[in-house]
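Reproduced below: model_23.tsv, with TSV, C-alpha atoms and all ligand atoms.
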```tsv
chain	number	residue	atom	x	y	z
A	10	MET	CA	-5.77	13.61	20.81
A	11	THR	CA	-6.34	10.26	19.12
A	12	THR	CA	-8.08	7.87	21.45
A	13	ALA	CA	-7.25	4.20	21.02
A	14	PRO	CA	-8.44	1.79	19.95
A	15	ARG	CA	-9.07	2.81	16.37
A	16	ASN	CA	-10.26	0.35	13.73
A	17	VAL	CA	-7.54	0.14	11.12
A	18	LEU	CA	-7.96	-1.70	7.81
A	19	ILE	CA	-4.68	-2.70	6.21
A	20	THR	CA	-4.51	-4.31	2.77
A	21	GLY	CA	-1.48	-6.38	1.82
A	22	ALA	CA	-1.03	-6.96	5.55
A	23	GLY	CA	0.44	-10.44	5.14
A	24	SER	CA	3.97	-9.27	4.44
A	25	GLY	CA	6.48	-6.45	4.33
A	26	ILE	CA	5.16	-2.91	4.69
A	27	GLY	CA	1.56	-3.96	5.41
A	28	ALA	CA	2.72	-6.30	8.19
A	29	ALA	CA	4.88	-3.53	9.66
A	30	VAL	CA	1.92	-1.14	9.54
A	31	ALA	CA	-0.16	-3.74	11.40
A	32	ALA	CA	2.58	-4.08	14.01
A	33	ILE	CA	2.86	-0.36	14.78
A	34	PHE	CA	-0.90	0.22	15.10
A	35	ALA	CA	-1.45	-2.96	17.14
A	36	ALA	CA	1.43	-2.06	19.44
A	37	GLN	CA	-0.32	1.24	20.18
A	38	GLY	CA	-3.54	-0.54	21.13
A	39	ASP	CA	-5.48	-0.14	17.88
A	40	ARG	CA	-7.59	-2.94	16.38
A	41	VAL	CA	-6.12	-4.07	13.09
A	42	HIS	CA	-8.08	-5.72	10.30
A	43	LEU	CA	-5.65	-7.48	8.02
A	44	LEU	CA	-6.63	-8.11	4.41
A	45	ASP	CA	-4.45	-10.18	2.11
A	46	ILE	CA	-4.74	-12.73	-0.67
A	47	SER	CA	-2.54	-15.16	1.29
A	48	GLU	CA	-4.03	-17.00	4.26
A	49	SER	CA	-0.71	-18.44	5.41
A	50	ARG	CA	1.02	-15.04	5.43
A	51	LEU	CA	-1.90	-13.54	7.36
A	52	GLU	CA	-1.74	-16.36	9.91
A	53	SER	CA	1.90	-15.67	10.69
A	54	VAL	CA	1.30	-11.91	11.00
A	55	VAL	CA	-1.66	-12.45	13.35
A	56	ALA	CA	0.51	-14.77	15.46
A	57	SER	CA	3.17	-12.06	15.77
A	58	LEU	CA	0.74	-9.40	17.07
A	59	PRO	CA	-0.64	-8.88	20.58
A	60	GLU	CA	-3.35	-11.44	21.25
A	61	GLY	CA	-6.82	-10.28	20.26
A	62	SER	CA	-5.59	-7.17	18.42
A	63	ALA	CA	-5.93	-8.51	14.87
A	64	GLN	CA	-8.53	-10.02	12.60
A	65	ALA	CA	-7.59	-11.63	9.29
A	66	HIS	CA	-9.58	-11.37	6.05
A	67	VAL	CA	-8.44	-13.52	3.15
A	68	VAL	CA	-9.58	-11.58	0.09
A	69	ASP	CA	-8.11	-10.58	-3.25
A	70	VAL	CA	-8.28	-6.78	-3.63
A	71	THR	CA	-9.40	-7.29	-7.23
A	72	ASP	CA	-12.62	-8.85	-5.90
A	73	TYR	CA	-14.78	-5.71	-5.56
A	74	TYR	CA	-17.66	-7.42	-3.78
A	75	GLY	CA	-15.37	-9.49	-1.56
A	76	VAL	CA	-13.61	-6.33	-0.39
A	77	ALA	CA	-16.94	-4.52	0.08
A	78	GLY	CA	-18.11	-7.41	2.28
A	79	VAL	CA	-15.05	-7.05	4.53
A	80	VAL	CA	-15.55	-3.30	4.83
A	81	GLU	CA	-19.23	-3.83	5.65
A	82	SER	CA	-18.43	-6.38	8.36
A	83	ILE	CA	-15.87	-4.11	10.06
A	84	ALA	CA	-18.17	-1.08	9.85
A	85	ALA	CA	-21.10	-3.09	11.28
A	86	ALA	CA	-19.04	-3.65	14.43
A	87	GLY	CA	-18.10	0.03	14.81
A	88	SER	CA	-16.16	2.28	12.45
A	89	ILE	CA	-13.27	2.33	10.02
A	90	ASP	CA	-10.92	5.01	11.30
A	91	VAL	CA	-7.87	4.34	9.16
A	92	LEU	CA	-7.25	2.70	5.80
A	93	ALA	CA	-3.68	1.76	4.94
A	94	GLY	CA	-3.71	0.55	1.33
A	95	CYS	CA	-0.52	-1.50	1.02
A	96	ALA	CA	-1.41	-4.39	-1.33
A	97	GLY	CA	0.67	-4.34	-4.47
A	98	VAL	CA	2.77	-6.38	-6.86
A	99	PHE	CA	5.98	-5.60	-8.71
A	100	ASP	CA	6.69	-6.37	-12.36
A	101	GLY	CA	10.46	-6.40	-12.27
A	102	LEU	CA	11.91	-4.17	-14.94
A	103	ALA	CA	9.39	-5.16	-17.61
A	104	GLY	CA	9.42	-2.31	-20.14
A	105	ILE	CA	7.16	-1.80	-23.14
A	106	GLU	CA	8.71	-4.76	-24.99
A	107	GLN	CA	8.32	-7.22	-22.12
A	108	THR	CA	4.90	-6.06	-20.91
A	109	SER	CA	2.19	-8.34	-22.29
A	110	ARG	CA	-1.44	-7.25	-22.20
A	111	GLU	CA	-1.94	-9.96	-19.58
A	112	LEU	CA	0.81	-8.56	-17.31
A	113	TRP	CA	-0.44	-5.00	-17.77
A	114	ASP	CA	-4.00	-5.98	-16.83
A	115	ARG	CA	-2.94	-7.91	-13.74
A	116	VAL	CA	-0.64	-5.20	-12.33
A	117	ILE	CA	-3.13	-2.41	-13.00
A	118	ASP	CA	-5.94	-4.56	-11.61
A	119	ILE	CA	-4.14	-5.21	-8.32
A	120	ASN	CA	-2.20	-1.98	-7.75
A	121	LEU	CA	-4.69	0.55	-9.11
A	122	THR	CA	-8.19	-0.93	-9.45
A	123	GLY	CA	-7.60	-3.01	-6.32
A	124	THR	CA	-6.92	0.22	-4.42
A	125	PHE	CA	-10.10	1.78	-5.81
A	126	ASN	CA	-12.03	-1.33	-4.73
A	127	VAL	CA	-10.98	-0.71	-1.12
A	128	VAL	CA	-11.09	3.08	-1.14
A	129	LYS	CA	-14.63	3.22	-2.53
A	130	PRO	CA	-16.50	1.42	0.30
A	131	VAL	CA	-14.14	2.76	2.97
A	132	ALA	CA	-14.67	6.37	1.82
A	133	GLN	CA	-18.45	5.83	1.89
A	134	GLN	CA	-18.16	4.53	5.46
A	135	MET	CA	-15.84	7.38	6.55
A	136	ILE	CA	-18.23	9.95	5.02
A	137	SER	CA	-21.06	8.52	7.10
A	138	GLN	CA	-18.85	8.74	10.19
A	139	GLY	CA	-17.59	12.24	9.36
A	140	SER	CA	-14.00	11.21	10.12
A	141	GLY	CA	-11.13	9.02	8.96
A	142	SER	CA	-7.68	8.86	7.43
A	143	ILE	CA	-6.67	7.19	4.20
A	144	VAL	CA	-3.01	6.42	3.57
A	145	LEU	CA	-2.04	4.74	0.30
A	146	ILE	CA	1.32	3.25	-0.55
A	147	GLY	CA	2.75	4.49	-3.81
A	148	SER	CA	6.39	4.36	-4.83
A	149	ILE	CA	9.38	6.33	-6.01
A	150	ALA	CA	8.40	4.58	-9.28
A	151	ALA	CA	5.84	7.34	-9.82
A	152	SER	CA	8.71	9.83	-10.17
A	153	ARG	CA	11.73	7.73	-11.26
A	154	ALA	CA	10.83	5.38	-14.11
A	155	LEU	CA	13.90	3.23	-14.65
A	156	PRO	CA	14.09	0.90	-11.63
A	157	ASP	CA	10.61	-0.66	-12.04
A	158	GLY	CA	8.31	-1.92	-14.79
A	159	LEU	CA	6.00	0.00	-17.14
A	160	ALA	CA	2.73	-1.15	-15.57
A	161	TYR	CA	4.08	-0.70	-12.04
A	162	ASP	CA	5.32	2.85	-12.75
A	163	THR	CA	1.97	3.70	-14.31
A	164	SER	CA	-0.05	2.25	-11.43
A	165	LYS	CA	1.95	4.12	-8.81
A	166	ALA	CA	1.76	7.44	-10.68
A	167	ALA	CA	-2.00	6.96	-10.94
A	168	LEU	CA	-2.27	6.41	-7.18
A	169	GLU	CA	-0.81	9.88	-6.64
A	170	GLY	CA	-3.60	11.31	-8.79
A	171	MET	CA	-6.16	9.23	-6.90
A	172	THR	CA	-4.83	10.56	-3.58
A	173	ARG	CA	-5.17	14.19	-4.69
A	174	ARG	CA	-8.73	13.66	-5.87
A	175	LEU	CA	-9.64	11.84	-2.63
A	176	ALA	CA	-8.31	14.80	-0.64
A	177	VAL	CA	-10.53	17.14	-2.69
A	178	ASP	CA	-13.61	14.95	-2.31
A	179	LEU	CA	-13.22	14.01	1.35
A	180	GLY	CA	-11.77	17.10	3.03
A	181	ARG	CA	-15.20	18.57	3.74
A	182	TYR	CA	-16.03	15.48	5.80
A	183	GLY	CA	-12.93	15.82	7.98
A	184	ILE	CA	-11.18	12.97	6.18
A	185	ASN	CA	-7.60	13.27	4.97
A	186	ALA	CA	-5.94	11.22	2.22
A	187	ASN	CA	-2.20	10.97	1.67
A	188	LEU	CA	0.28	8.70	-0.05
A	189	VAL	CA	3.57	7.36	1.21
A	190	ALA	CA	6.08	6.74	-1.57
A	191	PRO	CA	8.87	4.39	-0.49
A	192	GLY	CA	12.12	3.93	-2.40
A	193	VAL	CA	13.71	0.50	-2.00
A	194	VAL	CA	12.45	-1.41	1.02
A	195	GLU	CA	13.66	-4.82	2.08
A	196	THR	CA	10.51	-6.96	1.95
A	197	GLY	CA	9.25	-10.13	0.31
A	198	ILE	CA	7.84	-8.28	-2.72
A	199	ARG	CA	9.91	-10.15	-5.29
A	200	ALA	CA	8.87	-13.59	-4.01
A	201	THR	CA	5.23	-12.66	-3.45
A	202	SER	CA	4.96	-10.98	-6.85
A	203	GLU	CA	6.46	-14.03	-8.51
A	204	GLU	CA	3.93	-16.20	-6.67
A	205	ILE	CA	1.00	-13.97	-7.70
A	206	LEU	CA	2.04	-13.07	-11.25
A	207	GLY	CA	3.72	-16.37	-12.14
A	208	ASP	CA	5.72	-16.37	-15.35
A	209	MET	CA	4.03	-13.23	-16.71
A	210	VAL	CA	7.02	-11.27	-15.36
A	211	PRO	CA	10.31	-11.83	-17.13
A	212	ASP	CA	12.37	-11.53	-13.93
A	213	THR	CA	11.28	-9.93	-10.67
A	214	LYS	CA	14.70	-10.54	-9.12
A	215	VAL	CA	16.44	-7.74	-10.96
A	216	GLY	CA	16.29	-4.10	-9.90
A	217	VAL	CA	17.87	-1.56	-7.57
A	218	GLY	CA	16.90	-3.60	-4.50
A	219	THR	CA	19.14	-6.49	-5.54
A	220	ASN	CA	22.07	-4.37	-6.69
A	221	PRO	CA	24.04	-2.76	-3.82
A	222	ASP	CA	26.20	-0.72	-6.23
A	223	LEU	CA	23.17	0.77	-7.96
A	224	MET	CA	21.57	1.45	-4.59
A	225	LYS	CA	24.65	3.38	-3.43
A	226	MET	CA	24.66	5.38	-6.62
A	227	LEU	CA	20.94	6.28	-6.59
A	228	ILE	CA	20.13	6.69	-2.91
A	229	PRO	CA	21.85	9.45	-0.92
A	230	MET	CA	21.55	7.41	2.30
A	231	GLN	CA	23.13	4.49	0.41
A	232	ARG	CA	20.86	1.81	1.84
A	233	GLY	CA	17.43	0.31	1.44
A	234	GLY	CA	14.69	1.35	3.83
A	235	LEU	CA	13.05	-0.75	6.49
A	236	ALA	CA	9.37	-1.64	6.39
A	237	SER	CA	9.15	-0.20	9.92
A	238	GLU	CA	10.40	3.18	8.62
A	239	VAL	CA	7.58	3.28	6.07
A	240	ALA	CA	5.07	2.10	8.69
A	241	ALA	CA	6.09	4.91	11.07
A	242	THR	CA	5.20	7.46	8.38
A	243	VAL	CA	1.84	5.77	7.74
A	244	TYR	CA	1.18	5.88	11.49
A	245	PHE	CA	2.02	9.59	11.63
A	246	LEU	CA	-0.21	10.42	8.65
A	247	ALA	CA	-3.15	8.61	10.28
A	248	GLY	CA	-2.76	10.49	13.54
A	249	ASP	CA	-3.83	13.82	15.00
A	250	GLY	CA	-0.44	15.40	14.21
A	251	ALA	CA	-1.21	15.06	10.49
A	252	ALA	CA	-4.90	15.99	10.62
A	253	TYR	CA	-4.35	19.07	8.42
A	254	ILE	CA	-2.13	17.27	5.88
A	255	SER	CA	-4.08	16.01	2.88
A	256	GLY	CA	-3.49	15.25	-0.78
A	257	ASP	CA	0.23	14.98	-0.15
A	258	VAL	CA	2.95	12.55	-1.22
A	259	ILE	CA	5.58	11.80	1.41
A	260	HIS	CA	8.68	10.05	0.16
A	261	VAL	CA	10.38	7.57	2.48
A	262	ASP	CA	13.30	6.85	0.20
A	263	GLY	CA	16.60	7.83	1.77
A	264	GLY	CA	16.65	11.03	-0.28
A	265	TRP	CA	16.23	9.42	-3.72
A	266	ILE	CA	13.55	11.94	-4.72
A	267	ALA	CA	16.07	14.75	-4.29
A	268	THR	CA	18.37	13.37	-6.98
A	301	LIG	N1	9.45	-3.23	-1.25
A	301	LIG	C1	9.74	-2.12	-1.93
A	301	LIG	O1	10.89	-1.86	-2.30
A	301	LIG	C2	8.65	-1.14	-2.26
A	301	LIG	C3	9.02	0.12	-2.75
A	301	LIG	C4	8.05	1.03	-3.08
A	301	LIG	C5	6.72	0.70	-2.93
A	301	LIG	N2	6.37	-0.51	-2.45
A	301	LIG	C6	4.95	-0.82	-2.33
A	301	LIG	O2	4.65	-1.16	-1.00
A	301	LIG	C7	3.50	-2.01	-0.98
A	301	LIG	C8	3.81	-3.22	-0.13
A	301	LIG	O3	4.87	-3.92	-0.74
A	301	LIG	P1	5.87	-4.84	0.08
A	301	LIG	O4	7.24	-4.49	-0.38
A	301	LIG	O5	5.54	-4.85	1.50
A	301	LIG	O6	5.52	-6.24	-0.61
A	301	LIG	P2	5.19	-7.67	0.01
A	301	LIG	O7	5.09	-8.58	-1.15
A	301	LIG	O8	6.14	-8.00	1.09
A	301	LIG	O9	3.72	-7.44	0.63
A	301	LIG	C9	2.62	-7.21	-0.21
A	301	LIG	C10	1.44	-8.03	0.27
A	301	LIG	O10	0.34	-7.70	-0.61
A	301	LIG	C11	-0.37	-8.88	-0.84
A	301	LIG	N3	-1.10	-8.82	-2.10
A	301	LIG	C12	-0.60	-8.77	-3.34
A	301	LIG	N4	-1.58	-8.80	-4.24
A	301	LIG	C13	-2.73	-8.87	-3.54
A	301	LIG	C14	-4.09	-8.93	-3.91
A	301	LIG	N5	-4.45	-9.00	-5.20
A	301	LIG	N6	-5.03	-8.94	-2.95
A	301	LIG	C15	-4.68	-8.92	-1.64
A	301	LIG	N7	-3.39	-8.89	-1.23
A	301	LIG	C16	-2.44	-8.87	-2.17
A	301	LIG	C17	0.69	-9.98	-0.90
A	301	LIG	O11	0.11	-11.26	-0.66
A	301	LIG	C18	1.66	-9.53	0.19
A	301	LIG	O12	1.37	-10.16	1.43
A	301	LIG	C19	3.20	-2.35	-2.44
A	301	LIG	O13	2.14	-1.54	-2.89
A	301	LIG	C20	4.48	-1.98	-3.15
A	301	LIG	O14	4.24	-1.62	-4.48
A	301	LIG	C21	7.30	-1.45	-2.11
```
Any chance you could put this one into structure tokens?
Ligand SMILES: NC(=O)c1ccc[n+]([C@@H]2O[C@H](COP(=O)([O-])OP(=O)(O)OC[C@H]3O[C@@H](n4cnc5c(N)ncnc54)[C@H](O)[C@@H]3O)[C@@H](O)[C@H]2O)c1
Amino acid sequence: MTTAPRNVLITGAGSGIGAAVAAIFAAQGDRVHLLDISESRLESVVASLPEGSAQAHVVDVTDYYGVAGVVESIAAAGSIDVLAGCAGVFDGLAGIEQTSRELWDRVIDINLTGTFNVVKPVAQQMISQGSGSIVLIGSIAASRALPDGLAYDTSKAALEGMTRRLAVDLGRYGINANLVAPGVVETGIRATSEEILGDMVPDTKVGVGTNPDLMKMLIPMQRGGLASEVAATVYFLAGDGAAYISGDVIHVDGGWIAT
């Protein structure tokens, strides 16, 4: 059985899914290390968690050495048992015509390279421990192109490939790697993406998440998901019950993937 407390590193922990992941692990007695670009969002998440359970790290996931420094500091105090890679930004519905080189670079840099930046030092640490679980957050966008932007779709599809290769590389060390692919989840992603990407994105406010009729049409369960529903799947995949699951993509999307 899993013995608490585990050391859990969560990127994008200042809001939405990452904050919900922090809440579920902290509630179970694990130590959560929260990484986000936003200090103020991190402060409010830390304040919402049991006292002493969380440590905040204000770092941009695109800063390879900054992220490596955080990983090193956590590992120096013990181990990194779980990585939940949640940091990501959304580019509205920007298709090929609306996607500038600048927007492409920024979305790929955060969603894809930013994930590599975290996975690389964490995997090295987990290999030295001979244990660990990596759970990345992808999206239905990897399988259904229309509701998101070109760079976002591409980044999320690439994360599925990264997850499979991580499973191949890390299985022999007793480490599993999986990806949770949410559909529409009610979070602050539109506001935070607008804050981070500025006017590079034509309009982050459009999409399935802001259109109840479209949501009913596309999602068998006819509603958006909750961040806590995604977090519960992350928690399961990082636990003993999922120890023999690796390289998999689990959709938490109200049945959207079936359509
Ligand atoms: N909300 C949805 O409908 C939905 C659907 C599918 C997938 N996802 C994915 O779930 C993940 C979490 O999204 P969310 O909906 O909780 O969004 P959110 O905006 O509520 O939370 C994302 C957090 O990531 C942080 N972040 C963004 N760029 C960062 C960077 N460069 N460095 C460090 N931190 C950074 C933000 O500051 C924010 O606190 C993302 O990867 C997103 O693509 C979300």
Could you check the closest approach to Leu179 in chain A for each of A:Ile259, A:Ala22, A:Ile143, A:Leu223 and tell me which residue wins, using all atoms listed in the file? A:Ile143
Nearest to ligand LIG 301 (chain A) by atom-to-atom distance, counting only C-alpha atoms and all ligand atoms, from A:Pro14, A:Gly78, A:Gly192, A:Gly256: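 Selected residue with least distance to ligand LIG 301 (chain A): A:Gly192.
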Given the choices A:Ala247, A:Met209, A:Ala240, A:Ala103, which gets closest to ligand LIG 301 (chain A) if the distance is worked out from all atoms listed in the file?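 Going through A:Ala247, A:Met209, A:Ala240, A:Ala103 one by one, the smallest distance to ligand LIG 301 (chain A) is for A:Ala240.
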Report, in Å to a single decimal, how far apart CA of Ser140 in chain A and CA of Gly183 in chain A are.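 CA of Ser140 in chain A lies at a distance of 5.2 Å from CA of Gly183 in chain A.
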Using all atoms listed in the file, can you tell me which of A:Gly234, A:Ile146, A:Asn185, A:Ser82 comes closest to Leu168 in chain A? A:Ile146
From the set A:Ser237, A:Ser148, A:Asn220, A:Ser137, which residue has the shortest atom-to-atom contact distance to ligand LIG 301 (chain A), counting only C-alpha atoms and all ligand atoms?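 Residue with the minimum atom-to-atom distance to ligand LIG 301 (chain A): A:Ser148.
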Selection: 7 Å around range 53-66 of chain A, only C-alpha atoms, excl. self and same-chain fewer than 5 positions, as a ChimeraX atom specification: /A:23,28,32,35,40-45
Using only C-alpha atoms and all ligand atoms, which residues have at least one atom no more than 6 Å from ligand LIG 301 (chain A)? Output them as a PyMOL selection string. chain A and resi 21-27+45-47+68-71+95-98+119+146-148+191-198+201
Of the candidates A:Asp249, A:Asp178, A:Glu106, A:Asp100, which one gets nearest to Ala160 in chain A if we count only C-alpha atoms? A:Asp100
Using all atoms listed in the file, can you list as a VMD selection string the residues within 12 Å of (-13.3, 4.2, 6.4)? chain A and resid 15 to 19 42 77 79 to 85 87 to 94 127 to 144 179 182 to 186 247
Would you compute an axis-aligned box for range 192-207 of chain A, covering every atom listed for it in the file with 8 Å of margin on each side, and report centre and edge lengths in Å to one decimal as lines of an AutoDock Vina configuration file?
```
center_x = 7.4
center_y = -6.2
center_z = -5.0
size_x = 28.7
size_y = 36.3
size_z = 30.2
```
One-decimal distance in Å that lies between CA of Ala36 in chain A and CA of Asp257 in chain A: 26.0 Å
May I ask for the distance between CA of Pro211 in chain A and CA of Glu48 in chain A, given in Å to one decimal place?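 Straight-line distance from CA of Pro211 in chain A to CA of Glu48 in chain A works out to 26.3 Å.
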Give me the residues near Asp114 in chain A as number ranges by chain, where near means some atom within 12 Å (using all atoms listed in the file) and where sequence neighbours in that chain fewer than 4 positions away do not count. A: 71, 100, 108-110, 118-123, 159-161, 163-164, 206, 209
